[in-house]
Each structure stands twice: as structure tokens, then as C-alpha cells.
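Asker: To be precise about what I am sending: the file is called model_36.cif and holds mmCIF, C-alpha atoms.
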```
data_run
loop_
_atom_site.group_PDB
_atom_site.id
_atom_site.type_symbol
_atom_site.label_atom_id
_atom_site.label_comp_id
_atom_site.auth_asym_id
_atom_site.auth_seq_id
_atom_site.Cartn_x
_atom_site.Cartn_y
_atom_site.Cartn_z
ATOM 1 C CA GLN A 1 222.484 33.838 100.460
ATOM 2 C CA ASN A 2 224.914 31.099 101.512
ATOM 3 C CA GLU A 3 226.721 31.420 98.185
ATOM 4 C CA TRP A 4 227.228 35.129 98.791
ATOM 5 C CA VAL A 5 228.574 34.355 102.267
ATOM 6 C CA LYS A 6 231.127 31.936 100.791
ATOM 7 C CA ILE A 7 232.165 34.509 98.210
ATOM 8 C CA GLY A 8 232.488 37.162 100.908
ATOM 9 C CA LEU A 9 234.627 34.983 103.179
ATOM 10 C CA ALA A 10 236.984 34.333 100.273
ATOM 11 C CA ASN A 11 237.129 37.864 98.812
ATOM 12 C CA SER A 12 236.276 40.393 101.528
ATOM 13 C CA ASN A 13 239.042 42.987 101.691
ATOM 14 C CA VAL A 14 238.241 43.800 105.323
ATOM 15 C CA LEU A 15 238.581 40.148 106.287
ATOM 16 C CA LYS A 16 241.820 39.792 104.317
ATOM 17 C CA ARG A 17 243.307 42.746 106.146
ATOM 18 C CA THR A 18 242.327 41.296 109.525
ATOM 19 C CA LYS A 19 243.850 37.925 108.599
ATOM 20 C CA LEU A 20 247.119 39.645 107.689
ATOM 21 C CA PHE A 21 247.160 41.421 111.058
ATOM 22 C CA GLU A 22 246.600 38.091 112.780
ATOM 23 C CA ARG A 23 249.446 36.445 110.870
ATOM 24 C CA SER A 24 251.764 39.349 111.667
ATOM 25 C CA ALA A 25 250.922 39.129 115.374
ATOM 26 C CA GLN A 26 251.547 35.375 115.296
ATOM 27 C CA ASN A 27 254.986 35.869 113.737
ATOM 28 C CA ASN A 28 255.835 38.529 116.314
ATOM 29 C CA ALA A 29 254.807 36.166 119.109
ATOM 30 C CA LYS A 30 257.042 33.415 117.728
ATOM 31 C CA ALA A 31 259.920 35.855 117.357
ATOM 32 C CA SER A 32 259.571 36.996 120.978
ATOM 33 C CA ILE A 33 260.635 33.514 122.151
ATOM 34 C CA GLY A 34 264.081 34.337 120.799
ATOM 35 C CA GLY A 35 264.697 36.577 123.802
ATOM 36 C CA HIS A 36 265.165 33.429 125.972
ATOM 37 C CA ILE A 37 267.344 31.478 123.521
ATOM 38 C CA PRO A 38 271.151 31.636 123.857
ATOM 39 C CA ASN A 39 273.102 33.360 121.117
ATOM 40 C CA ILE A 40 276.118 31.567 119.625
ATOM 41 C CA ASP A 41 278.438 33.467 117.308
ATOM 42 C CA LEU A 42 281.559 32.365 115.411
ATOM 43 C CA VAL A 43 284.145 35.168 115.368
ATOM 44 C CA GLY A 44 287.296 35.139 113.238
ATOM 45 C CA THR A 45 290.123 37.698 112.900
ATOM 46 C CA LEU A 46 293.016 37.853 110.398
ATOM 47 C CA ASN A 47 296.081 40.082 111.042
ATOM 48 C CA SER A 48 298.962 40.675 108.592
ATOM 49 C CA SER A 49 302.058 42.915 109.089
ATOM 50 C CA THR A 50 305.316 43.661 107.226
ATOM 51 C CA SER A 51 308.481 45.414 108.592
ATOM 52 C CA TYR A 52 310.016 48.160 106.382
ATOM 53 C CA GLN A 53 312.497 49.748 108.859
ATOM 54 C CA GLY A 54 316.041 49.272 107.450
ATOM 55 C CA ARG A 55 318.532 50.352 110.195
ATOM 56 C CA PHE A 56 318.405 51.031 113.906
ATOM 57 C CA GLY A 57 319.695 54.526 114.538
ATOM 58 C CA GLY A 58 320.938 54.669 110.976
ATOM 59 C CA PHE A 59 323.911 52.253 111.560
ATOM 60 C CA ILE A 60 322.663 48.746 112.488
ATOM 61 C CA GLU A 61 320.710 46.863 109.839
ATOM 62 C CA ASN A 62 317.306 45.510 110.920
ATOM 63 C CA PRO A 63 317.343 41.685 110.734
ATOM 64 C CA LEU A 64 313.532 41.602 110.305
ATOM 65 C CA LEU A 65 313.588 43.824 107.216
ATOM 66 C CA GLY A 66 310.916 42.715 104.682
ATOM 67 C CA ILE A 67 309.569 39.885 106.826
ATOM 68 C CA GLU A 68 305.774 39.482 106.753
ATOM 69 C CA THR A 69 303.806 38.097 109.697
ATOM 70 C CA GLU A 70 300.220 36.831 109.784
ATOM 71 C CA SER A 71 298.012 35.730 112.667
ATOM 72 C CA ASN A 72 294.590 34.049 112.478
ATOM 73 C CA ASN A 73 292.285 33.889 115.485
ATOM 74 C CA TYR A 74 288.953 32.048 115.650
ATOM 75 C CA SER A 75 286.572 31.959 118.585
ATOM 76 C CA ILE A 76 283.027 30.989 119.528
ATOM 77 C CA GLN A 77 281.052 33.515 121.570
ATOM 78 C CA PHE A 78 278.186 32.311 123.704
ATOM 79 C CA SER A 79 275.676 34.645 125.403
ATOM 80 C CA TRP A 80 272.600 33.802 127.429
ATOM 81 C CA PRO A 81 270.418 36.460 129.072
ATOM 82 C CA LEU A 82 270.079 34.819 132.462
ATOM 83 C CA VAL A 83 269.082 38.041 134.189
ATOM 84 C CA ALA A 84 267.414 40.756 132.087
ATOM 85 C CA GLY A 85 265.124 42.341 134.635
ATOM 86 C CA GLY A 86 262.074 40.457 133.343
ATOM 87 C CA ILE A 87 261.978 42.469 130.097
ATOM 88 C CA ALA A 88 262.246 39.363 127.904
ATOM 89 C CA HIS A 89 259.330 37.703 129.715
ATOM 90 C CA SER A 90 257.281 40.929 129.492
ATOM 91 C CA LYS A 91 257.883 41.281 125.751
ATOM 92 C CA ARG A 92 256.943 37.648 125.194
ATOM 93 C CA ARG A 93 253.716 37.995 127.174
ATOM 94 C CA GLU A 94 252.884 41.244 125.350
ATOM 95 C CA ALA A 95 253.456 39.618 121.948
ATOM 96 C CA TYR A 96 251.208 36.670 122.768
ATOM 97 C CA ALA A 97 248.566 38.982 124.199
ATOM 98 C CA ASN A 98 248.577 40.937 120.923
ATOM 99 C CA TYR A 99 248.286 37.656 119.054
ATOM 100 C CA ASP A 100 245.242 36.649 121.107
ATOM 101 C CA LYS A 101 243.765 40.067 120.482
ATOM 102 C CA ALA A 102 244.326 39.713 116.728
ATOM 103 C CA LYS A 103 242.675 36.261 116.725
ATOM 104 C CA GLU A 104 239.607 37.566 118.524
ATOM 105 C CA GLN A 105 239.456 40.561 116.208
ATOM 106 C CA SER A 106 239.610 38.205 113.228
ATOM 107 C CA LYS A 107 236.709 36.167 114.604
ATOM 108 C CA PHE A 108 234.696 39.326 115.260
ATOM 109 C CA THR A 109 235.396 40.625 111.741
ATOM 110 C CA THR A 110 234.360 37.296 110.232
ATOM 111 C CA ARG A 111 231.034 37.370 112.089
ATOM 112 C CA SER A 112 230.538 41.019 111.100
ATOM 113 C CA VAL A 113 231.211 40.280 107.422
ATOM 114 C CA ILE A 114 228.753 37.357 107.451
ATOM 115 C CA GLN A 115 226.102 39.460 109.157
ATOM 116 C CA ASP A 116 226.669 42.376 106.800
ATOM 117 C CA ILE A 117 226.441 40.164 103.704
ATOM 118 C CA LYS A 118 223.217 38.564 104.903
ATOM 119 C CA SER A 119 221.749 41.970 105.701
ATOM 120 C CA LYS A 120 222.773 43.415 102.332
ATOM 121 C CA HIS A 121 221.393 40.349 100.537
ATOM 122 C CA SER A 122 218.042 40.727 102.283
ATOM 123 C CA SER A 123 218.037 44.434 101.410
ATOM 124 C CA LEU A 124 218.728 43.565 97.776
ATOM 125 C CA LEU A 125 215.793 41.135 97.654
ATOM 126 C CA THR A 126 213.580 43.749 99.280
ATOM 127 C CA ALA A 127 214.711 46.388 96.785
ATOM 128 C CA LYS A 128 214.050 44.004 93.886
ATOM 129 C CA ALA A 129 210.535 43.286 95.127
ATOM 130 C CA ASN A 130 209.982 47.019 95.618
ATOM 131 C CA VAL A 131 211.038 47.694 92.001
ATOM 132 C CA GLN A 132 208.551 45.121 90.741
ATOM 133 C CA ALA A 133 205.792 46.551 92.918
ATOM 134 C CA ARG A 134 206.531 50.136 91.812
ATOM 135 C CA GLU A 135 206.556 49.036 88.188
ATOM 136 C CA GLN A 136 203.096 47.526 88.538
ATOM 137 C CA ALA A 137 201.895 50.642 90.356
ATOM 138 C CA PHE A 138 203.226 52.807 87.510
ATOM 139 C CA LYS A 139 201.458 50.676 84.891
ATOM 140 C CA SER A 140 198.260 50.795 86.928
ATOM 141 C CA ALA A 141 198.483 54.594 87.187
ATOM 142 C CA GLU A 142 198.982 54.858 83.413
ATOM 143 C CA SER A 143 195.937 52.637 82.801
ATOM 144 C CA ALA A 144 193.910 54.770 85.200
ATOM 145 C CA LEU A 145 195.019 57.906 83.356
ATOM 146 C CA ILE A 146 193.950 56.472 80.003
ATOM 147 C CA ALA A 147 190.559 55.524 81.434
ATOM 148 C CA THR A 148 190.183 59.004 82.935
ATOM 149 C CA GLU A 149 191.063 60.607 79.591
ATOM 150 C CA PHE A 150 188.347 58.579 77.855
ATOM 151 C CA GLY A 151 185.923 59.551 80.601
ATOM 152 C CA PHE A 152 186.915 63.203 80.230
ATOM 153 C CA GLU A 153 186.280 63.059 76.483
ATOM 154 C CA ALA A 154 182.907 61.408 77.154
ATOM 155 C CA ASN A 155 182.051 64.103 79.729
ATOM 156 C CA THR A 156 181.801 61.549 82.549
ATOM 157 C CA ARG A 157 184.935 62.883 84.267
ATOM 158 C CA ASN A 158 185.892 66.465 84.992
ATOM 159 C CA ILE A 159 189.224 68.250 84.713
ATOM 160 C CA ILE A 160 190.003 67.684 88.403
ATOM 161 C CA ASP A 161 189.839 63.914 87.927
ATOM 162 C CA LEU A 162 192.133 64.182 84.916
ATOM 163 C CA LEU A 163 194.701 66.298 86.773
ATOM 164 C CA ASN A 164 194.641 63.924 89.737
ATOM 165 C CA ALA A 165 195.215 60.962 87.417
ATOM 166 C CA GLN A 166 198.173 62.733 85.783
ATOM 167 C CA ARG A 167 199.592 63.589 89.180
ATOM 168 C CA ASN A 168 199.293 59.955 90.220
ATOM 169 C CA VAL A 169 201.186 58.876 87.087
ATOM 170 C CA PHE A 170 204.038 61.283 87.767
ATOM 171 C CA ALA A 171 204.186 60.239 91.425
ATOM 172 C CA ALA A 172 204.216 56.547 90.463
ATOM 173 C CA GLU A 173 206.973 57.185 87.903
ATOM 174 C CA ARG A 174 209.008 59.038 90.548
ATOM 175 C CA ASP A 175 208.592 56.201 93.045
ATOM 176 C CA TYR A 176 209.523 53.688 90.349
ATOM 177 C CA ALA A 177 212.742 55.549 89.547
ATOM 178 C CA SER A 178 213.557 55.877 93.254
ATOM 179 C CA ALA A 179 213.044 52.134 93.728
ATOM 180 C CA LYS A 180 215.451 51.372 90.881
ATOM 181 C CA TYR A 181 217.991 53.740 92.403
ATOM 182 C CA ASP A 182 217.706 51.960 95.748
ATOM 183 C CA PHE A 183 218.148 48.626 93.972
ATOM 184 C CA ILE A 184 221.392 49.821 92.365
ATOM 185 C CA LEU A 185 222.723 51.001 95.730
ATOM 186 C CA SER A 186 221.775 47.686 97.361
ATOM 187 C CA ASP A 187 223.472 45.736 94.580
ATOM 188 C CA PHE A 188 226.673 47.759 94.921
ATOM 189 C CA GLY A 189 226.545 47.476 98.715
ATOM 190 C CA LEU A 190 226.300 43.678 98.555
ATOM 191 C CA LYS A 191 229.187 43.422 96.089
ATOM 192 C CA LEU A 192 231.271 45.768 98.230
ATOM 193 C CA SER A 193 230.684 43.664 101.347
ATOM 194 C CA ALA A 194 231.492 40.474 99.427
ATOM 195 C CA GLY A 195 234.649 41.989 97.934
ATOM 196 C CA THR A 196 233.527 41.523 94.310
ATOM 197 C CA LEU A 197 232.871 45.162 93.397
ATOM 198 C CA SER A 198 235.015 46.070 90.386
ATOM 199 C CA PRO A 199 235.361 48.974 87.919
ATOM 200 C CA GLN A 200 233.428 46.890 85.380
ATOM 201 C CA ASP A 201 230.314 47.274 87.550
ATOM 202 C CA LEU A 202 230.622 51.046 87.227
ATOM 203 C CA TYR A 203 231.126 50.765 83.471
ATOM 204 C CA ASN A 204 227.981 48.631 83.198
ATOM 205 C CA LEU A 205 226.042 51.154 85.253
ATOM 206 C CA ASP A 206 227.314 53.979 83.050
ATOM 207 C CA GLU A 207 226.122 52.161 79.918
ATOM 208 C CA PHE A 208 222.752 51.518 81.533
ATOM 209 C CA MET A 209 222.361 55.149 82.570
ATOM 210 C CA ASN A 210 223.290 56.360 79.086
ATOM 211 C CA TRP A 211 220.411 54.272 77.756
ATOM 212 C CA PHE A 212 217.993 54.999 80.576
ATOM 213 C CA MET A 213 218.804 58.701 80.894
ATOM 214 C CA PRO A 214 220.376 59.858 77.619
ATOM 215 C CA GLU A 215 221.776 63.236 76.664
ATOM 216 C CA LEU A 216 219.256 66.092 76.859
ATOM 217 C CA PRO A 217 216.937 64.289 79.283
ATOM 218 C CA GLU A 218 214.340 67.064 79.089
ATOM 219 C CA VAL A 219 213.847 66.306 75.388
ATOM 220 C CA GLU A 220 213.643 62.579 76.073
ATOM 221 C CA THR A 221 211.088 63.215 78.811
ATOM 222 C CA THR A 222 208.999 65.289 76.397
ATOM 223 C CA VAL A 223 209.089 62.529 73.772
ATOM 224 C CA ARG A 224 208.070 59.881 76.284
ATOM 225 C CA ALA A 225 205.187 62.041 77.503
ATOM 226 C CA LEU A 226 203.892 62.819 73.996
ATOM 227 C CA LYS A 227 204.414 59.383 72.518
ATOM 228 C CA PRO A 228 201.345 57.611 74.007
ATOM 229 C CA LYS A 229 199.161 60.641 73.176
ATOM 230 C CA LEU A 230 200.266 61.286 69.586
ATOM 231 C CA GLU A 231 201.013 57.877 68.136
ATOM 232 C CA LYS A 232 198.121 56.410 66.102
ATOM 233 C CA SER A 233 196.321 59.751 66.275
ATOM 234 C CA GLN A 234 195.041 61.682 63.244
ATOM 235 C CA ILE A 235 196.111 65.210 62.310
ATOM 236 C CA LYS A 236 193.038 67.406 61.978
ATOM 237 C CA THR A 237 194.481 70.915 61.900
ATOM 238 C CA PHE A 238 197.865 72.461 61.122
ATOM 239 C CA LYS A 239 199.251 75.844 62.161
ATOM 240 C CA LEU A 240 202.752 77.181 61.504
ATOM 241 C CA ARG A 241 203.736 79.509 64.334
ATOM 242 C CA ASN A 242 207.300 80.335 63.294
ATOM 243 C CA LYS A 243 208.517 80.533 59.705
ATOM 244 C CA ASN A 244 212.145 81.219 60.654
ATOM 245 C CA LEU A 245 213.233 77.596 60.684
ATOM 246 C CA ARG A 246 216.462 76.041 59.481
ATOM 247 C CA TRP A 247 214.775 74.617 56.391
ATOM 248 C CA PRO A 248 211.988 76.372 54.519
ATOM 249 C CA VAL A 249 208.495 75.019 55.092
ATOM 250 C CA SER A 250 206.457 74.128 52.036
ATOM 251 C CA SER A 251 203.253 76.079 51.538
ATOM 252 C CA ASN A 252 201.453 72.805 50.773
ATOM 253 C CA LEU A 253 202.470 71.216 54.056
ATOM 254 C CA ALA A 254 199.050 71.747 55.625
ATOM 255 C CA LYS A 255 197.314 69.910 52.762
ATOM 256 C CA ILE A 256 199.856 67.094 53.026
ATOM 257 C CA LEU A 257 199.528 66.595 56.782
ATOM 258 C CA ILE A 258 195.836 67.009 57.424
ATOM 259 C CA SER A 259 193.980 63.681 57.772
ATOM 260 C CA LYS A 260 197.272 61.782 58.047
ATOM 261 C CA ARG A 261 197.986 59.533 61.051
ATOM 262 C CA ILE A 262 201.111 59.668 63.201
ATOM 263 C CA SER A 263 202.803 56.268 63.141
ATOM 264 C CA SER A 264 205.709 56.943 65.503
ATOM 265 C CA LEU A 265 207.421 59.653 67.506
ATOM 266 C CA SER A 266 211.179 59.741 68.182
ATOM 267 C CA ARG A 267 213.983 62.234 68.517
ATOM 268 C CA ARG A 268 217.463 63.007 67.291
ATOM 269 C CA ALA A 269 219.448 65.267 69.595
ATOM 270 C CA LYS A 270 217.058 68.097 70.499
ATOM 271 C CA TYR A 271 214.714 67.586 67.550
ATOM 272 C CA LEU A 272 211.428 65.676 67.700
ATOM 273 C CA ILE A 273 210.821 63.462 64.686
ATOM 274 C CA VAL A 274 207.187 62.706 63.811
ATOM 275 C CA ASN A 275 206.569 59.966 61.270
#
```
Turn this file's structure into C-alpha cells for me.

Answerer:
Amino acid sequence: QNEWVKIGLANSNVLKRTKLFERSAQNNAKASIGGHIPNIDLVGTLNSSTSYQGRFGGFIENPLLGIETESNNYSIQFSWPLVAGGIAHSKRREAYANYDKAKEQSKFTTRSVIQDIKSKHSSLLTAKANVQAREQAFKSAESALIATEFGFEANTRNIIDLLNAQRNVFAAERDYASAKYDFILSDFGLKLSAGTLSPQDLYNLDEFMNWFMPELPEVETTVRALKPKLEKSQIKTFKLRNKNLRWPVSSNLAKILISKRISSLSRRAKYLIVN
């Protein structure tokens, strides 16, 4: 848990944003002091002129004809806001008040991030334990269903017991899937709070879901339901219900299949493959 807190304090986007606000408020507070500091400016001017008038009144020649004149002036300007109606003091106090507010907000955000990370970490551990518990409950329900099926075949259990056992298996499988879903959400929530959530996490989840819930999930669900019942079982009868298949069915198929055992059951696309 402490490691996650360290990671969160270093990578949390919410905390980074708050720190930037605090730094900006600090810079504004420092800049507000400039309202009380005198301003000193160096001012320079350069003037150049040339006379082109040839004669006065058209008769007397201008003695300054073609003479250029230049003048350079340099000065230092000094200004100090001795009396500004208190606006400079008010702006300075406002800037420092905003800086104090930003510092307190940063502290509050830090405590909130730490608390959120600890809470999400505890939720993740709880979700992990719940997944393990639901997995054991699912296995126990499957074992109970197998025992009930044997009892039903031996006429020691009735059909109601068998249906209840099947219902318990489906309910346990649903709870198991829900627990895994909650674990994924808790894992993403912890990484989001710690600032380590990346697109790669979504890619990994997508790969996991493609394996866990492939294309045509209804076919996959059918295979998983039939697999424990058909594998290792022996074929006793054969009946062809539909002859309009993609490939013609051999007339000797019944003789070939009867008394054979099913070694495995799989699928390709929407087709069930029985070996």
C-alpha cells in the first residue's frame, strides 16, 4: 500500500495540476511586489534634418542650402507610485491570499489522493479475495452437480434435486464472473488514482476478453456446458435428423460411431468439433 502511495504522489495527474496552480499563484504573488518598486527607464531620441529651400522669395539664395543637422537626446525617467489609492497594496494582498489558498488546496488534494489510493488498494484486495472465494464456490457447485447427477442415475436423487444443483452452478458461475468484473474495475480505479493508467492496460484487457469471451459467445458457452458431460463418454445410439448438410453424410457413419468414446470437444467458429 505504501508503494502505491509513493507512486501516486509522483504520478497523480490531479496532484500535478494542483501543484501547477500553486506555482502559478506563487509567481503572481512575487510579481505583485513590483507595484511598489520604482520604475527607471532610459529614453533616447535622435533627430536629423536637411534644408532644401534654394532662394528666399525667389531672389536671395539660402545660405543653409543642403546643410544637414542632427540632435541626440538621452534621458533617464524615474517613476515611483507614492500615492495610488491603495490599489497596489490591495493587489499584493489579493495575490498572496490566492497563494495561501493554492497552498492549502494542494495540501488538501495531497491528503485526498493518499486517502483515495489507500481506499482503492483495500478495495482491490477485497475484490481479489472475493474472486478467489467465488472461484471455490463455483468449483464446489460443480462438484455438487456431479454428485447429484450420479445420485439421479442411481435413483437416490430426483429431478428437482438435479435442477436445483444446475441452478446453483449457473448462479455460482454468474457470481464468479461478476467478481472478476469488479476486480477489473478496482484495478483500473487504483491505477487511475495513482496516475499509472495507460492505453496498454486497455489493450491487455482487450486481449484477455478475447480469450475469456471469444467471438460467438453462445457457441463457446454451449461447448463449455457440453464438454464435461460428453468427454470420455461412449456413443450408444446415432440418429441423423437433417441430411441437408454442407458435406454428405456417409451411410456407414452409424456403424463407425456406435461404441466409440468421445475424447475431446472443441469448436471452430460456429461448428462443434467432436473427436

Asker: Near region 100-105 of chain A, within 10 Å and counting all atoms listed in the file, which residues show up once chain neighbours fewer than 5 positions away are dropped, as a compact mmCIF listing (two decimals) with C-alpha atoms, in the coordinates of the input?

Answerer:
```txt
# COMPACT_ATOMS: atom_id res chain seq x y z
CA LEU A 15 238.58 40.15 106.29
CA THR A 18 242.33 41.30 109.52
CA LYS A 19 243.85 37.92 108.60
CA LEU A 20 247.12 39.65 107.69
CA PHE A 21 247.16 41.42 111.06
CA GLU A 22 246.60 38.09 112.78
CA ARG A 23 249.45 36.44 110.87
CA SER A 24 251.76 39.35 111.67
CA ALA A 25 250.92 39.13 115.37
CA GLN A 26 251.55 35.38 115.30
CA ALA A 29 254.81 36.17 119.11
CA GLU A 94 252.88 41.24 125.35
CA ALA A 95 253.46 39.62 121.95
CA THR A 110 234.36 37.30 110.23
CA ARG A 111 231.03 37.37 112.09
```

Asker: Report as an mmCIF file with C-alpha atoms, in the coordinates of the input the residues that result from applying the PyMOL selection byres ((chain A and resi 142) around 9) to the structure here.

Answerer:
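To be explicit, this is the file written out as part_32.cif:
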```
data_model
loop_
_atom_site.group_PDB
_atom_site.id
_atom_site.type_symbol
_atom_site.label_atom_id
_atom_site.label_comp_id
_atom_site.auth_asym_id
_atom_site.auth_seq_id
_atom_site.Cartn_x
_atom_site.Cartn_y
_atom_site.Cartn_z
ATOM 1 C CA ALA A 137 201.895 50.642 90.356
ATOM 2 C CA PHE A 138 203.226 52.807 87.510
ATOM 3 C CA LYS A 139 201.458 50.676 84.891
ATOM 4 C CA SER A 140 198.260 50.795 86.928
ATOM 5 C CA ALA A 141 198.483 54.594 87.187
ATOM 6 C CA SER A 143 195.937 52.637 82.801
ATOM 7 C CA ALA A 144 193.910 54.770 85.200
ATOM 8 C CA LEU A 145 195.019 57.906 83.356
ATOM 9 C CA ILE A 146 193.950 56.472 80.003
ATOM 10 C CA ALA A 147 190.559 55.524 81.434
ATOM 11 C CA ALA A 165 195.215 60.962 87.417
ATOM 12 C CA GLN A 166 198.173 62.733 85.783
ATOM 13 C CA ASN A 168 199.293 59.955 90.220
ATOM 14 C CA VAL A 169 201.186 58.876 87.087
ATOM 15 C CA ALA A 172 204.216 56.547 90.463
#
```

Asker: With distances taken over only C-alpha atoms, which residue among A:Ile76, A:Ile117, A:Ala129, A:Ala179 lies nearest Lys191 (chain A)?

Answerer: A:Ile117

Asker: Give me the residues within 7 Å of region 220-231 of chain A as an MDAnalysis selection string, counting only C-alpha atoms and dropping any in the same chain fewer than 5 places off.

Answerer: chainID A and resid 262:266

Asker: Any chance you can output those residues with C-alpha atoms as a CSV table (one decimal), keeping the file's coordinate frame?

Answerer:
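Output (again_20.csv):
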```csv
chain,number,residue,atom,x,y,z
A,262,ILE,CA,201.1,59.7,63.2
A,263,SER,CA,202.8,56.3,63.1
A,264,SER,CA,205.7,56.9,65.5
A,265,LEU,CA,207.4,59.7,67.5
A,266,SER,CA,211.2,59.7,68.2
```

Asker: Nearest residue to Asn252 (chain A) out of A:Asp182, A:Leu190, A:Phe152, A:Phe238, using only C-alpha atoms?

Answerer: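 Closest candidate: A:Phe238.
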
Asker: Using all atoms listed in the file, which residue out of A:Leu46, A:Ile7, A:Val131, A:Val274 lies closest to Tyr176 (chain A)?

Answerer: A:Val131

Asker: Name every residue that the PyMOL selection byres ((chain A and resi 44) around 10) selects in this structure, writing the answer as a list in words with chains first and numbers rising.

Answerer: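 Applying the expression gives Asp41, Leu42, Val43, Thr45, Leu46, Asn72, Asn73, Tyr74, Ser75 and Ile76 of chain A.
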
Asker: Kindly resolve the PyMOL selection byres ((chain A and resi 119) around 12) on the present coordinates and return the residues as a list of chain:residue names.

Answerer: A:Gln1, A:Trp4, A:Val5, A:Ser112, A:Val113, A:Ile114, A:Gln115, A:Asp116, A:Ile117, A:Lys118, A:Lys120, A:His121, A:Ser122, A:Ser123, A:Leu124, A:Leu125, A:Thr126, A:Ser186, A:Asp187, A:Gly189, A:Leu190, A:Ser193, A:Ala194

Asker: Would you compute the distance between CA of Arg134 (chain A) and CA of Thr196 (chain A)? Give it in Å to one decimal.

Answerer: 28.4 Å

Asker: One decimal, in Å: what's the spacing between CA of Glu207 (chain A) and CA of Ile273 (chain A)?

Answerer: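 Here the two named atoms are 24.4 Å from each other.
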
Asker: Report, in Å with one decimal, the straight-line distance from CA of Ala254 (chain A) to CA of Ile235 (chain A).

Answerer: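 Interatomic distance here is 9.8 Å.
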
Asker: Residues within 8 Å of (276.4, 32.9, 125.4), file coordinates, counting all atoms listed in the file: what are they? Give the list as a ChimeraX atom specification.

Answerer: /A:38-40,77-81

Asker: Leaving out Leu253 (chain A) and any residue of its chain fewer than 4 positions from it, which residues lie within 12 Å of it when counting all atoms listed in the file, given as number ranges by chain?

Answerer: A: 237-240, 248-249, 257-260

Asker: Using only C-alpha atoms, find the one residue out of A:Leu272, A:Ile37, A:Ala31, A:Ala127 that sits nearest to Tyr181 (chain A).

Answerer: A:Ala127

Asker: Since the input lacks atoms, please generate N, CA and C atoms for region 158-178 of chain A and provide them as a CSV table (one decimal), in the coordinates of the input.

Answerer:
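Full text of rebuild-v2.csv as output:
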```csv
chain,number,residue,atom,x,y,z
A,158,ASN,N,185.6,65.0,85.1
A,158,ASN,CA,185.9,66.5,85.0
A,158,ASN,C,187.4,66.7,85.0
A,159,ILE,N,187.8,67.9,84.8
A,159,ILE,CA,189.2,68.2,84.7
A,159,ILE,C,190.0,67.9,86.0
A,160,ILE,N,189.3,68.0,87.1
A,160,ILE,CA,190.0,67.7,88.4
A,160,ILE,C,190.4,66.2,88.4
A,161,ASP,N,189.5,65.3,88.0
A,161,ASP,CA,189.8,63.9,87.9
A,161,ASP,C,191.0,63.7,87.0
A,162,LEU,N,191.0,64.4,85.9
A,162,LEU,CA,192.1,64.2,84.9
A,162,LEU,C,193.5,64.6,85.5
A,163,LEU,N,193.5,65.8,86.2
A,163,LEU,CA,194.7,66.3,86.8
A,163,LEU,C,195.2,65.4,87.9
A,164,ASN,N,194.2,64.9,88.7
A,164,ASN,CA,194.6,63.9,89.7
A,164,ASN,C,195.2,62.6,89.2
A,165,ALA,N,194.7,62.2,88.0
A,165,ALA,CA,195.2,61.0,87.4
A,165,ALA,C,196.6,61.2,86.9
A,166,GLN,N,196.8,62.4,86.3
A,166,GLN,CA,198.2,62.7,85.8
A,166,GLN,C,199.2,62.9,86.9
A,167,ARG,N,198.7,63.5,88.0
A,167,ARG,CA,199.6,63.6,89.2
A,167,ARG,C,200.0,62.2,89.7
A,168,ASN,N,199.0,61.3,89.7
A,168,ASN,CA,199.3,60.0,90.2
A,168,ASN,C,200.3,59.2,89.3
A,169,VAL,N,200.2,59.5,88.0
A,169,VAL,CA,201.2,58.9,87.1
A,169,VAL,C,202.6,59.4,87.4
A,170,PHE,N,202.7,60.7,87.5
A,170,PHE,CA,204.0,61.3,87.8
A,170,PHE,C,204.6,60.8,89.1
A,171,ALA,N,203.7,60.7,90.1
A,171,ALA,CA,204.2,60.2,91.4
A,171,ALA,C,204.6,58.8,91.4
A,172,ALA,N,203.9,58.0,90.6
A,172,ALA,CA,204.2,56.5,90.5
A,172,ALA,C,205.5,56.4,89.7
A,173,GLU,N,205.7,57.2,88.7
A,173,GLU,CA,207.0,57.2,87.9
A,173,GLU,C,208.1,57.6,88.8
A,174,ARG,N,207.9,58.6,89.6
A,174,ARG,CA,209.0,59.0,90.5
A,174,ARG,C,209.3,57.9,91.5
A,175,ASP,N,208.3,57.3,92.1
A,175,ASP,CA,208.6,56.2,93.0
A,175,ASP,C,209.3,55.0,92.4
A,176,TYR,N,208.9,54.8,91.1
A,176,TYR,CA,209.5,53.7,90.3
A,176,TYR,C,211.0,54.0,90.1
A,177,ALA,N,211.3,55.2,89.7
A,177,ALA,CA,212.7,55.5,89.5
A,177,ALA,C,213.5,55.5,90.9
A,178,SER,N,212.9,55.9,91.9
A,178,SER,CA,213.6,55.9,93.3
A,178,SER,C,213.8,54.4,93.7
```
